[in-house]
$ cat query23.cif   # mmCIF, C-alpha atoms
data_entry
loop_
_atom_site.label_atom_id
_atom_site.label_comp_id
_atom_site.auth_asym_id
_atom_site.auth_seq_id
_atom_site.Cartn_x
_atom_site.Cartn_y
_atom_site.Cartn_z
CA MET R 1 -43.00 -63.83 1.66
CA LYS R 2 -45.61 -63.24 4.32
CA LYS R 3 -42.82 -62.93 6.85
CA VAL R 4 -41.16 -60.28 4.72
CA ILE R 5 -44.36 -58.25 4.48
CA ALA R 6 -44.81 -58.53 8.24
CA GLY R 7 -41.30 -57.26 8.75
CA ILE R 8 -41.94 -54.29 6.47
CA SER R 9 -45.05 -53.42 8.46
CA ILE R 10 -43.17 -53.44 11.74
CA VAL R 11 -40.40 -51.24 10.39
CA ALA R 12 -42.88 -48.86 8.78
CA ALA R 13 -44.81 -48.50 11.99
CA THR R 14 -41.62 -47.73 13.89
CA LEU R 15 -40.42 -45.07 11.44
CA PHE R 16 -43.80 -43.42 11.02
CA ALA R 17 -43.82 -42.83 14.75
CA ALA R 18 -40.81 -40.55 14.31
CA ASP R 19 -40.40 -37.31 12.44
CA ASN R 20 -37.87 -36.21 9.82
CA TYR R 21 -37.92 -39.35 7.68
CA GLU R 22 -38.65 -40.53 4.18
CA PHE R 23 -40.43 -43.47 2.54
CA GLY R 24 -39.65 -44.69 -0.95
CA LEU R 25 -40.70 -47.25 -3.56
CA GLY R 26 -38.72 -48.30 -6.58
CA LEU R 27 -38.24 -50.83 -9.33
CA GLY R 28 -34.87 -52.36 -10.02
CA HIS R 29 -33.04 -54.72 -12.32
CA HIS R 30 -29.90 -56.73 -11.52
CA ASN R 31 -27.42 -58.53 -13.71
CA VAL R 32 -25.70 -61.41 -11.92
CA SER R 33 -22.15 -62.49 -12.81
CA ASN R 34 -20.64 -65.98 -12.49
CA SER R 35 -23.82 -67.53 -11.07
CA PRO R 36 -26.63 -69.94 -12.06
CA MET R 37 -29.03 -67.20 -10.94
CA ASP R 38 -30.82 -65.41 -13.77
CA ASP R 39 -30.88 -61.63 -14.14
CA TYR R 40 -33.93 -60.43 -12.27
CA LYS R 41 -36.27 -57.54 -11.62
CA PHE R 42 -37.30 -56.59 -8.11
CA ILE R 43 -39.36 -54.18 -6.03
CA ASN R 44 -37.53 -51.98 -3.50
CA ALA R 45 -39.24 -50.41 -0.48
CA ARG R 46 -37.21 -48.14 1.81
CA PHE R 47 -37.63 -46.24 5.01
CA GLY R 48 -35.10 -43.60 5.95
CA LYS R 49 -34.35 -41.54 9.03
CA TYR R 50 -32.51 -38.20 8.61
CA LEU R 51 -29.40 -37.90 10.76
CA PRO R 52 -27.01 -34.99 11.37
CA HIS R 53 -24.31 -34.00 8.88
CA ASN R 54 -26.25 -34.84 5.70
CA HIS R 55 -26.78 -38.54 6.49
CA ILE R 56 -29.80 -40.84 6.17
CA LEU R 57 -30.09 -44.28 7.78
CA ARG R 58 -32.08 -46.42 5.31
CA LEU R 59 -33.83 -49.74 5.97
CA GLU R 60 -34.66 -51.40 2.66
CA VAL R 61 -36.70 -54.47 1.75
CA GLU R 62 -36.57 -56.02 -1.73
CA SER R 63 -38.54 -58.82 -3.35
CA SER R 64 -38.34 -60.71 -6.69
CA GLU R 65 -40.42 -63.67 -7.94
CA THR R 66 -38.23 -64.96 -10.81
CA VAL R 67 -34.59 -65.57 -10.12
CA MET R 68 -33.68 -69.01 -11.51
CA ASN R 69 -35.94 -69.80 -14.45
CA SER R 70 -38.55 -71.04 -11.99
CA ASP R 71 -41.07 -69.81 -9.56
CA ASP R 72 -38.42 -69.42 -6.90
CA SER R 73 -38.37 -66.08 -5.13
CA LEU R 74 -35.78 -63.79 -3.53
CA SER R 75 -36.21 -61.48 -0.55
CA ARG R 76 -33.57 -59.14 0.80
CA VAL R 77 -33.25 -56.83 3.80
CA LEU R 78 -30.58 -54.06 3.71
CA LEU R 79 -29.40 -51.42 6.17
CA ASN R 80 -27.67 -48.61 4.28
CA VAL R 81 -26.14 -45.29 5.28
CA GLU R 82 -26.62 -42.55 2.70
CA HIS R 83 -24.64 -39.31 2.53
CA TYR R 84 -26.16 -36.59 0.39
CA PHE R 85 -24.50 -33.48 -1.04
CA ASN R 86 -26.40 -30.20 -0.95
CA THR R 87 -26.47 -28.12 -4.11
CA ASP R 88 -28.22 -24.97 -5.23
CA THR R 89 -30.25 -26.95 -7.79
CA LYS R 90 -33.13 -29.41 -7.59
CA ILE R 91 -30.70 -32.33 -8.05
CA THR R 92 -29.17 -33.82 -4.89
CA PRO R 93 -26.41 -36.39 -5.52
CA TYR R 94 -25.63 -39.01 -2.89
CA ALA R 95 -23.59 -42.13 -2.14
CA PHE R 96 -24.45 -45.07 0.08
CA VAL R 97 -23.02 -48.24 1.57
CA GLY R 98 -24.53 -50.99 3.70
CA ILE R 99 -24.99 -54.63 4.68
CA GLY R 100 -27.92 -57.04 4.69
CA TYR R 101 -29.27 -60.57 4.35
CA GLN R 102 -30.59 -62.29 1.24
CA MET R 103 -33.17 -65.08 1.43
CA VAL R 104 -33.75 -67.32 -1.63
CA GLN R 105 -36.39 -70.05 -1.88
CA GLY R 106 -35.01 -72.84 -4.05
CA ASP R 107 -31.61 -74.22 -4.92
CA TYR R 108 -29.77 -70.98 -4.28
CA ASP R 109 -28.37 -70.38 -0.79
CA SER R 110 -29.43 -67.57 1.54
CA ASN R 111 -26.45 -65.46 2.61
CA GLY R 112 -25.19 -62.19 4.00
CA VAL R 113 -24.65 -59.41 1.45
CA ALA R 114 -23.09 -55.96 1.22
CA ASP R 115 -23.90 -53.19 -1.22
CA LEU R 116 -22.66 -49.75 -2.25
CA GLY R 117 -23.63 -47.27 -4.90
CA ILE R 118 -24.32 -43.76 -6.00
CA GLY R 119 -27.52 -41.98 -6.86
CA ALA R 120 -29.31 -38.72 -7.37
CA LYS R 121 -32.65 -37.29 -6.31
CA TYR R 122 -34.65 -34.80 -8.31
CA GLY R 123 -36.96 -32.60 -6.25
CA ILE R 124 -40.41 -32.65 -7.82
CA ASN R 125 -41.67 -30.52 -4.94
CA LYS R 126 -40.79 -29.88 -1.32
CA SER R 127 -41.75 -33.41 -0.19
CA ILE R 128 -41.50 -35.67 -3.26
CA ASN R 129 -38.29 -36.73 -5.01
CA ALA R 130 -37.64 -38.98 -7.97
CA PHE R 131 -34.49 -41.04 -7.52
CA LEU R 132 -32.08 -43.10 -9.63
CA GLU R 133 -29.44 -45.38 -8.15
CA ILE R 134 -26.60 -47.42 -9.60
CA ARG R 135 -25.75 -50.26 -7.24
CA GLY R 136 -23.32 -53.11 -6.79
CA LEU R 137 -24.13 -55.96 -4.40
CA ARG R 138 -21.87 -58.75 -3.18
CA ASP R 139 -23.32 -62.16 -2.25
CA PHE R 140 -20.64 -63.58 0.04
CA GLY R 141 -21.99 -67.13 0.41
CA ASN R 142 -22.65 -67.80 -3.28
CA ASN R 143 -19.59 -65.80 -4.30
CA ASP R 144 -21.27 -63.75 -6.99
CA ASN R 145 -21.89 -60.10 -7.78
CA HIS R 146 -25.12 -58.33 -8.62
CA PHE R 147 -25.01 -55.08 -10.62
CA GLY R 148 -28.03 -52.96 -11.42
CA ALA R 149 -30.10 -49.84 -11.15
CA ILE R 150 -33.16 -48.71 -9.22
CA VAL R 151 -35.63 -45.94 -10.12
CA GLY R 152 -38.46 -44.74 -7.95
CA LEU R 153 -40.05 -42.06 -5.82
CA SER R 154 -39.36 -41.06 -2.23
CA PHE R 155 -41.61 -39.10 0.08
CA GLN R 156 -40.26 -36.87 2.82
CA PHE R 157 -42.20 -36.49 6.08
CA GLY R 158 -41.71 -34.37 9.15
CA ALA R 159 -39.01 -31.69 9.34
CA GLU R 160 -37.00 -30.74 6.31
CA LYS R 161 -33.72 -32.49 5.68
CA GLU R 162 -30.57 -30.92 7.01
CA GLU R 163 -29.13 -28.30 4.73
CA THR R 164 -25.65 -26.92 4.70
CA PRO R 165 -25.92 -23.44 6.23
CA LYS R 166 -25.47 -20.74 3.68
CA LYS R 167 -22.31 -18.83 4.06
CA VAL R 168 -22.97 -15.48 5.71
CA VAL R 169 -20.96 -12.69 4.12
CA LEU R 170 -19.89 -10.25 6.81
CA ASP R 171 -18.66 -6.70 6.33
CA SER R 172 -18.02 -5.58 9.89
CA ASP R 173 -16.72 -2.10 9.06
CA LYS R 174 -19.35 -1.46 6.36
CA ASP R 175 -16.78 -0.44 3.76
CA GLY R 176 -18.16 -2.62 0.97
CA VAL R 177 -15.45 -5.30 1.25
CA ASN R 178 -16.41 -8.49 3.07
CA ASP R 179 -14.38 -9.48 6.12
CA GLU R 180 -12.86 -12.48 4.36
CA ASN R 181 -11.17 -10.24 1.77
CA ASP R 182 -10.70 -7.18 3.98
CA LYS R 183 -7.01 -6.66 4.74
CA CYS R 184 -7.72 -3.50 6.73
CA ALA R 185 -10.43 -4.29 9.26
CA ASN R 186 -12.26 -1.56 11.17
CA THR R 187 -11.83 1.16 8.55
CA PRO R 188 -13.70 4.25 9.84
CA ALA R 189 -17.17 4.90 8.47
CA ASN R 190 -17.52 6.69 5.11
CA VAL R 191 -13.82 6.33 4.28
CA LYS R 192 -13.15 5.39 0.66
CA VAL R 193 -11.30 2.08 0.36
CA ASP R 194 -9.61 -0.01 -2.33
CA ALA R 195 -10.41 -3.59 -3.35
CA ASN R 196 -8.58 -4.87 -0.26
CA GLY R 197 -10.69 -2.76 2.09
CA CYS R 198 -7.81 -0.41 2.89
CA ALA R 199 -8.28 3.35 2.97
CA LEU R 200 -7.16 5.06 -0.23
CA ASP R 201 -3.69 6.61 -0.27
CA SER R 202 -3.63 8.54 -3.54
CA ASP R 203 -0.10 9.92 -3.25
CA LYS R 204 1.34 6.63 -1.94
CA ASP R 205 3.03 8.29 1.03
CA GLY R 206 1.80 5.75 3.56
CA VAL R 207 -0.85 8.06 5.04
CA ALA R 208 -4.48 7.40 4.07
CA ASP R 209 -6.28 10.18 2.21
CA TYR R 210 -8.74 10.79 5.04
CA LEU R 211 -5.81 11.53 7.39
CA ASP R 212 -3.56 13.21 4.82
CA LYS R 213 -3.39 16.97 5.36
CA CYS R 214 -0.89 17.37 2.52
CA ALA R 215 -2.33 15.64 -0.54
CA ASN R 216 -0.20 14.89 -3.60
CA THR R 217 3.14 14.74 -1.81
CA PRO R 218 5.79 13.86 -4.42
CA ALA R 219 6.86 10.24 -4.69
CA ASN R 220 9.51 8.93 -2.25
CA VAL R 221 9.28 12.01 -0.01
CA LYS R 222 9.33 11.19 3.70
CA VAL R 223 6.23 12.43 5.49
CA ASP R 224 4.94 12.78 9.03
CA ALA R 225 1.77 11.27 10.53
CA ASN R 226 -0.30 13.95 8.79
CA GLY R 227 1.09 13.03 5.37
CA CYS R 228 3.09 16.28 5.16
CA ALA R 229 6.70 16.30 3.98
CA LEU R 230 9.17 16.34 6.86
CA ASP R 231 10.60 19.70 7.89
CA SER R 232 13.33 18.72 10.32
CA ASP R 233 14.49 22.23 11.16
CA LYS R 234 10.94 23.62 11.37
CA ASP R 235 11.70 26.51 9.07
CA GLY R 236 8.60 26.07 6.93
CA VAL R 237 10.50 24.52 4.01
CA ALA R 238 10.17 20.75 3.56
CA ASP R 239 13.37 18.74 3.79
CA TYR R 240 13.21 17.65 0.15
CA LEU R 241 13.24 21.33 -0.92
CA ASP R 242 15.52 22.64 1.84
CA LYS R 243 18.99 23.51 0.55
CA CYS R 244 20.10 24.70 3.98
CA ALA R 245 19.29 21.95 6.45
CA ASN R 246 19.34 22.53 10.21
CA THR R 247 18.62 26.25 10.10
CA PRO R 248 18.32 27.44 13.73
CA ALA R 249 14.84 27.82 15.17
CA ASN R 250 12.90 31.02 14.48
CA VAL R 251 15.31 32.14 11.75
CA LYS R 252 13.61 33.62 8.71
CA VAL R 253 14.42 31.73 5.53
CA ASP R 254 13.89 32.06 1.80
CA ALA R 255 12.11 29.60 -0.51
CA ASN R 256 15.16 27.33 -0.45
CA GLY R 257 15.15 27.10 3.33
CA CYS R 258 18.27 29.25 3.63
CA ALA R 259 18.54 32.05 6.20
CA LEU R 260 17.79 35.49 4.76
CA ASP R 261 20.72 37.70 3.82
CA SER R 262 19.04 41.01 3.17
CA ASP R 263 22.19 43.00 2.30
CA LYS R 264 23.62 40.15 0.18
CA ASP R 265 26.97 40.29 1.94
CA GLY R 266 27.17 36.51 2.43
CA VAL R 267 26.32 36.65 6.14
CA ALA R 268 22.79 35.59 7.17
CA ASP R 269 20.68 38.25 8.84
CA TYR R 270 20.55 36.36 12.17
CA LEU R 271 24.38 36.45 12.31
CA ASP R 272 24.89 39.86 10.73
CA LYS R 273 25.96 42.44 13.29
CA CYS R 274 26.23 45.08 10.62
CA PRO R 275 23.02 44.92 8.61
CA ASN R 276 22.46 46.79 5.37
CA THR R 277 26.11 46.73 4.38
CA SER R 278 26.31 47.49 0.66
CA LYS R 279 27.70 44.96 -1.79
CA ASP R 280 30.80 47.11 -2.24
CA PHE R 281 31.93 46.22 1.29
CA LYS R 282 33.93 43.12 1.98
CA VAL R 283 32.77 41.86 5.38
CA ASP R 284 33.98 39.54 8.14
CA LYS R 285 32.05 36.52 9.53
CA THR R 286 29.83 38.82 11.58
CA GLY R 287 28.85 40.80 8.48
CA CYS R 288 30.84 43.86 9.47
CA PRO R 289 33.02 45.71 6.89
CA LEU R 290 36.64 44.88 6.32
CA SER R 291 37.19 46.88 3.18
CA PHE R 292 35.36 49.01 0.63
CA ASN R 293 35.86 48.97 -3.12
CA PHE R 294 35.38 52.42 -4.63
CA LYS R 295 35.49 50.86 -8.11
CA ILE R 296 37.30 54.00 -9.20
CA THR R 297 39.47 53.59 -12.28
CA PHE R 298 41.99 56.20 -13.30
CA ALA R 299 43.32 57.24 -16.66
CA LYS R 300 46.93 56.31 -17.32
CA ASN R 301 49.33 58.44 -15.21
CA SER R 302 46.31 60.29 -13.67
CA ASN R 303 45.04 60.73 -10.11
CA VAL R 304 41.89 62.68 -10.98
CA ILE R 305 38.57 61.34 -9.65
CA THR R 306 35.97 61.92 -12.32
CA SER R 307 32.41 62.83 -11.30
CA GLU R 308 31.01 59.40 -12.21
CA PHE R 309 32.93 57.86 -9.32
CA MET R 310 32.05 60.42 -6.63
CA PRO R 311 28.86 58.60 -5.47
CA LYS R 312 31.06 55.75 -4.23
CA VAL R 313 33.21 58.17 -2.23
CA GLU R 314 30.05 59.72 -0.80
CA GLU R 315 28.76 56.24 0.17
CA LEU R 316 31.86 55.52 2.27
CA ALA R 317 31.72 58.99 3.83
CA LYS R 318 28.12 58.36 4.89
CA PHE R 319 29.06 55.01 6.40
CA LEU R 320 31.93 56.50 8.42
CA LYS R 321 29.71 59.25 9.77
CA GLU R 322 27.08 56.70 10.85
CA ASN R 323 29.68 54.37 12.35
CA PRO R 324 32.14 56.56 14.32
CA LYS R 325 34.04 53.55 15.71
CA TYR R 326 35.55 52.82 12.32
CA LYS R 327 38.81 54.17 10.95
CA VAL R 328 39.92 53.80 7.36
CA GLU R 329 43.14 53.62 5.36
CA ILE R 330 42.81 54.66 1.72
CA GLN R 331 45.04 52.39 -0.39
CA GLY R 332 46.09 53.38 -3.90
CA TYR R 333 47.28 50.96 -6.65
CA THR R 334 48.63 51.06 -10.20
CA ASP R 335 49.24 48.58 -12.98
CA ASN R 336 52.84 47.40 -13.59
CA THR R 337 53.62 49.84 -16.37
CA GLY R 338 56.71 51.99 -15.59
CA SER R 339 59.09 51.85 -12.64
CA GLU R 340 57.94 50.80 -9.22
CA THR R 341 59.23 54.07 -7.73
CA TYR R 342 57.01 56.03 -10.09
CA ASN R 343 54.08 53.69 -9.46
CA LYS R 344 54.39 54.11 -5.70
CA LYS R 345 54.22 57.90 -6.03
CA LEU R 346 51.32 57.73 -8.49
CA SER R 347 49.35 55.31 -6.32
CA GLU R 348 49.86 57.54 -3.30
CA LYS R 349 48.53 60.54 -5.24
CA ARG R 350 45.43 58.52 -6.15
CA ALA R 351 44.91 57.48 -2.51
CA LYS R 352 45.39 61.09 -1.38
CA ALA R 353 42.80 62.30 -3.88
CA VAL R 354 40.17 60.03 -2.28
CA TYR R 355 41.39 60.96 1.20
CA GLU R 356 40.90 64.67 0.48
CA ALA R 357 37.46 63.98 -1.02
CA LEU R 358 36.39 62.23 2.24
CA ILE R 359 37.71 65.10 4.34
CA ASN R 360 35.79 67.57 2.15
CA LEU R 361 32.66 65.45 2.76
CA GLY R 362 33.02 65.97 6.53
CA VAL R 363 34.94 62.88 7.70
CA SER R 364 37.33 63.68 10.58
CA LYS R 365 41.04 63.66 9.62
CA ASP R 366 41.96 61.56 12.64
CA ARG R 367 39.90 58.66 11.25
CA VAL R 368 41.36 58.64 7.73
CA SER R 369 44.85 57.90 6.41
CA TYR R 370 46.22 57.07 2.94
CA LYS R 371 49.08 55.13 1.38
CA GLY R 372 50.29 54.13 -2.08
CA TYR R 373 51.14 50.52 -2.79
CA GLY R 374 52.18 50.79 -6.42
CA SER R 375 51.63 47.68 -8.47
CA GLU R 376 51.32 45.39 -5.45
CA ASN R 377 48.36 43.02 -5.04
CA PRO R 378 47.00 43.10 -8.61
CA ILE R 379 43.37 41.92 -8.94
CA ALA R 380 43.63 41.22 -12.68
CA SER R 381 46.22 40.36 -15.30
CA ASN R 382 48.51 43.19 -16.33
CA ASP R 383 48.92 41.54 -19.73
CA THR R 384 45.63 43.01 -21.03
CA THR R 385 44.27 46.51 -21.35
CA GLU R 386 41.22 45.58 -19.28
CA GLY R 387 43.34 43.95 -16.56
CA ARG R 388 45.64 46.96 -16.25
CA LEU R 389 42.60 49.25 -16.02
CA ALA R 390 41.19 47.18 -13.15
CA ASN R 391 44.49 47.27 -11.29
CA ARG R 392 44.55 51.08 -11.35
CA ARG R 393 42.25 51.39 -8.34
CA VAL R 394 41.70 52.73 -4.82
CA VAL R 395 40.21 50.73 -1.94
CA ALA R 396 39.50 51.53 1.69
CA LYS R 397 40.70 49.21 4.46
CA LEU R 398 38.45 49.52 7.53
CA SER R 399 39.29 48.87 11.20
CA TYR R 400 37.81 49.50 14.63
#
$ encode --input "query23.cif" --output "structure tokens"
Amino acid sequence: MKKVIAGISIVAATLFAADNYEFGLGLGHHNVSNSPMDDYKFINARFGKYLPHNHILRLEVESSETVMNSDDSLSRVLLNVEHYFNTDTKITPYAFVGIGYQMVQGDYDSNGVADLGIGAKYGINKSINAFLEIRGLRDFGNNDNHFGAIVGLSFQFGAEKEETPKKVVLDSDKDGVNDENDKCANTPANVKVDANGCALDSDKDGVADYLDKCANTPANVKVDANGCALDSDKDGVADYLDKCANTPANVKVDANGCALDSDKDGVADYLDKCPNTSKDFKVDKTGCPLSFNFKITFAKNSNVITSEFMPKVEELAKFLKENPKYKVEIQGYTDNTGSETYNKKLSEKRAKAVYEALINLGVSKDRVSYKGYGSENPIASNDTTEGRLANRRVVAKLSY
């Protein structure tokens, strides 16, 4: 026993010369299976040196005076490696494993041993811990197993034990979402972001709100880098609203993106070589007149132009005076009532009546002619009263 105490003193002196270590004392009890050895109580003294990565190298010395119903004694020296697990509480769990040598005075043989177990320390204060261990020990020479528990106190000296560094939560772009969860790193300062750290895009057009110059673009509308709906022909009307795509550059358009047609003749202003043509003119592809509808209707068998239709005659006269390159043929028509010979004569009288009215309004005779076409080229059905009335008409055919 004296040798054991001397050994403890040497070890203690060695460890106390170092820093970052612990010293502990405990009481234990072992049950022994398949052995003549009695269950026994023992004293455990330990010296530990803290190592990197949450490890402690422990040198332990144990002693018991009653092991075999006699005054025989047991001494044991163990070298264990402990691994402890850091927690945010005062309780630190650990596991250990080691080897050693067991010396017994009496009939029981001294042998090499190995042990392993688990335990937990409770931090009373910064330097003192209470500990509880559950241990199993194998006696190889005597072929038996020792199972038991140890309770005691340990005292920490020198530097504090190694602790697992606390995880540092970084938010590099200062958007309120830590880097680990941030799917859009380096968001500009003061930009509102979603839970993933990505700049808000309220209208879901793929352009972040802080860059979007056209907020609330309708869903599924293609936009440019500024978040504005595409306007491929640059006419000021977005493609999704533009009913006349590919309008030439610098052409004025309406709200539908279609080129303006101020005189409503079906030819856009930028193509119209004869602007301000009235709706009574039928025009060619350049917007210039081909024919003029007087919208004069005659009573049956009559060629008299009533006063209500004279404004139309005056309109054509004004046009001819303003456009001296034009000549005009006045064409008279009837419905299909009566003989065609009669209708031809009647239609010619109707055409001549308009002809004479134009001459009286100052149009040169050499620019105007007239002809009757009878019931040719009807514009409505002659089977109804309304249709026959529409077919009794006079139109002007224009030419350069």
$ atom_distance --input "query23.cif" --atom1 "atom CA of Leu132 of chain R" --atom2 "atom CA of Tyr40 of chain R"
17.6 Å
$ atom_distance --input "query23.cif" --atom1 "atom CA of Phe140 of chain R" --atom2 "atom CA of Phe23 of chain R"
28.3 Å
$ closest_atom_pairs --input "query23.cif" --of "segment 212-292 of chain R" --to "segment 328-351 of chain R" --cutoff "10 Å" --atoms "only C-alpha atoms" --output "Markdown table"
| residue | atom | partner | partner_atom | distance |
| --- | --- | --- | --- | --- |
| R:Leu290 | CA | R:Val328 | CA | 9.6 |
| R:Ser291 | CA | R:Val328 | CA | 8.5 |
| R:Phe292 | CA | R:Ile330 | CA | 9.4 |
$ atom_distance --input "query23.cif" --atom1 "atom CA of Lys213 of chain R" --atom2 "atom CA of Ala225 of chain R"
9.3 Å
$ resolve_selection --input "query23.cif" --expression "the PyMOL selection byres ((chain R and resi 255-272) around 9)" --output "short mmCIF file (atom, residue, chain, number, x, y, z; two decimals) with C-alpha atoms, in the coordinates of the input"
data_model
loop_
_atom_site.label_atom_id
_atom_site.label_comp_id
_atom_site.auth_asym_id
_atom_site.auth_seq_id
_atom_site.Cartn_x
_atom_site.Cartn_y
_atom_site.Cartn_z
CA ASP R 235 11.70 26.51 9.07
CA GLY R 236 8.60 26.07 6.93
CA VAL R 237 10.50 24.52 4.01
CA ALA R 238 10.17 20.75 3.56
CA ASP R 239 13.37 18.74 3.79
CA LEU R 241 13.24 21.33 -0.92
CA ASP R 242 15.52 22.64 1.84
CA LYS R 243 18.99 23.51 0.55
CA CYS R 244 20.10 24.70 3.98
CA ALA R 245 19.29 21.95 6.45
CA THR R 247 18.62 26.25 10.10
CA PRO R 248 18.32 27.44 13.73
CA VAL R 251 15.31 32.14 11.75
CA LYS R 252 13.61 33.62 8.71
CA VAL R 253 14.42 31.73 5.53
CA ASP R 254 13.89 32.06 1.80
CA LYS R 273 25.96 42.44 13.29
CA CYS R 274 26.23 45.08 10.62
CA PRO R 275 23.02 44.92 8.61
CA ASN R 276 22.46 46.79 5.37
CA THR R 277 26.11 46.73 4.38
CA SER R 278 26.31 47.49 0.66
CA LYS R 279 27.70 44.96 -1.79
CA ASP R 280 30.80 47.11 -2.24
CA PHE R 281 31.93 46.22 1.29
CA LYS R 282 33.93 43.12 1.98
CA VAL R 283 32.77 41.86 5.38
CA ASP R 284 33.98 39.54 8.14
CA LYS R 285 32.05 36.52 9.53
CA THR R 286 29.83 38.82 11.58
CA GLY R 287 28.85 40.80 8.48
CA CYS R 288 30.84 43.86 9.47
#
$ resolve_selection --input "query23.cif" --expression "the PyMOL selection byres ((chain R and resi 189-203) around 12)" --output "PyMOL selection string"
chain R and resi 171-188+204-223+227-229
$ write_last_selection --input "query23.cif" --atoms "C-alpha atoms" --output "mmCIF file, in the frame of the given file"
data_model
loop_
_atom_site.group_PDB
_atom_site.id
_atom_site.type_symbol
_atom_site.label_atom_id
_atom_site.label_comp_id
_atom_site.auth_asym_id
_atom_site.auth_seq_id
_atom_site.Cartn_x
_atom_site.Cartn_y
_atom_site.Cartn_z
ATOM 1 C CA ASP R 171 -18.660 -6.700 6.330
ATOM 2 C CA SER R 172 -18.020 -5.580 9.890
ATOM 3 C CA ASP R 173 -16.720 -2.100 9.060
ATOM 4 C CA LYS R 174 -19.350 -1.460 6.360
ATOM 5 C CA ASP R 175 -16.780 -0.440 3.760
ATOM 6 C CA GLY R 176 -18.160 -2.620 0.970
ATOM 7 C CA VAL R 177 -15.450 -5.300 1.250
ATOM 8 C CA ASN R 178 -16.410 -8.490 3.070
ATOM 9 C CA ASP R 179 -14.380 -9.480 6.120
ATOM 10 C CA GLU R 180 -12.860 -12.480 4.360
ATOM 11 C CA ASN R 181 -11.170 -10.240 1.770
ATOM 12 C CA ASP R 182 -10.700 -7.180 3.980
ATOM 13 C CA LYS R 183 -7.010 -6.660 4.740
ATOM 14 C CA CYS R 184 -7.720 -3.500 6.730
ATOM 15 C CA ALA R 185 -10.430 -4.290 9.260
ATOM 16 C CA ASN R 186 -12.260 -1.560 11.170
ATOM 17 C CA THR R 187 -11.830 1.160 8.550
ATOM 18 C CA PRO R 188 -13.700 4.250 9.840
ATOM 19 C CA LYS R 204 1.340 6.630 -1.940
ATOM 20 C CA ASP R 205 3.030 8.290 1.030
ATOM 21 C CA GLY R 206 1.800 5.750 3.560
ATOM 22 C CA VAL R 207 -0.850 8.060 5.040
ATOM 23 C CA ALA R 208 -4.480 7.400 4.070
ATOM 24 C CA ASP R 209 -6.280 10.180 2.210
ATOM 25 C CA TYR R 210 -8.740 10.790 5.040
ATOM 26 C CA LEU R 211 -5.810 11.530 7.390
ATOM 27 C CA ASP R 212 -3.560 13.210 4.820
ATOM 28 C CA LYS R 213 -3.390 16.970 5.360
ATOM 29 C CA CYS R 214 -0.890 17.370 2.520
ATOM 30 C CA ALA R 215 -2.330 15.640 -0.540
ATOM 31 C CA ASN R 216 -0.200 14.890 -3.600
ATOM 32 C CA THR R 217 3.140 14.740 -1.810
ATOM 33 C CA PRO R 218 5.790 13.860 -4.420
ATOM 34 C CA ALA R 219 6.860 10.240 -4.690
ATOM 35 C CA ASN R 220 9.510 8.930 -2.250
ATOM 36 C CA VAL R 221 9.280 12.010 -0.010
ATOM 37 C CA LYS R 222 9.330 11.190 3.700
ATOM 38 C CA VAL R 223 6.230 12.430 5.490
ATOM 39 C CA GLY R 227 1.090 13.030 5.370
ATOM 40 C CA CYS R 228 3.090 16.280 5.160
ATOM 41 C CA ALA R 229 6.700 16.300 3.980
#
$ resolve_selection --input "query23.cif" --expression "the PyMOL selection byres ((chain R and resi 55) around 8)" --output "PyMOL selection string"
chain R and resi 50-54+56-57+81-84
$ write_last_selection --input "query23.cif" --atoms "C-alpha atoms" --output "mmCIF file, in the coordinates of the input"
data_model
loop_
_atom_site.group_PDB
_atom_site.id
_atom_site.type_symbol
_atom_site.label_atom_id
_atom_site.label_comp_id
_atom_site.auth_asym_id
_atom_site.auth_seq_id
_atom_site.Cartn_x
_atom_site.Cartn_y
_atom_site.Cartn_z
ATOM 1 C CA TYR R 50 -32.510 -38.200 8.610
ATOM 2 C CA LEU R 51 -29.400 -37.900 10.760
ATOM 3 C CA PRO R 52 -27.010 -34.990 11.370
ATOM 4 C CA HIS R 53 -24.310 -34.000 8.880
ATOM 5 C CA ASN R 54 -26.250 -34.840 5.700
ATOM 6 C CA ILE R 56 -29.800 -40.840 6.170
ATOM 7 C CA LEU R 57 -30.090 -44.280 7.780
ATOM 8 C CA VAL R 81 -26.140 -45.290 5.280
ATOM 9 C CA GLU R 82 -26.620 -42.550 2.700
ATOM 10 C CA HIS R 83 -24.640 -39.310 2.530
ATOM 11 C CA TYR R 84 -26.160 -36.590 0.390
#
$ axis_aligned_box --input "query23.cif" --around "segment 34-39 of chain R" --padding-each-side "4 Å" --output "JSON"
{"center_x": -25.8, "center_y": -65.8, "center_z": -12.5, "size_x": 18.2, "size_y": 16.3, "size_z": 11.2}
$ closest_residue --input "query23.cif" --among "R:Val104, R:Ala390, R:Ala353, R:Ala130" --to "Asn303 of chain R" --atoms "all atoms listed in the file"
R:Ala353
$ residues_around --input "query23.cif" --residues "Ala45 of chain R" --least-positions-apart "6" --cutoff "8 Å" --atoms "all atoms listed in the file" --output "list in words"
Phe23, Gly24, Leu25, Gly26, Glu60, Val61 and Glu62 of chain R
$ closest_residue --input "query23.cif" --among "R:Tyr400, R:Phe294, R:Tyr355, R:Tyr370" --to "Lys327 of chain R" --atoms "only C-alpha atoms"
R:Tyr400
$ closest_residue --input "query23.cif" --among "R:Tyr21, R:Tyr122, R:Gly112, R:Gly98" --to "Asn86 of chain R" --atoms "all atoms listed in the file"
R:Tyr122
$ closest_residue --input "query23.cif" --among "R:Glu386, R:Asp231, R:Asp139, R:Asp366" --to "Asp115 of chain R" --atoms "only C-alpha atoms"
R:Asp139
$ closest_residue --input "query23.cif" --among "R:Lys90, R:Arg392, R:Arg76, R:Lys321" --to "Leu361 of chain R" --atoms "only C-alpha atoms"
R:Lys321
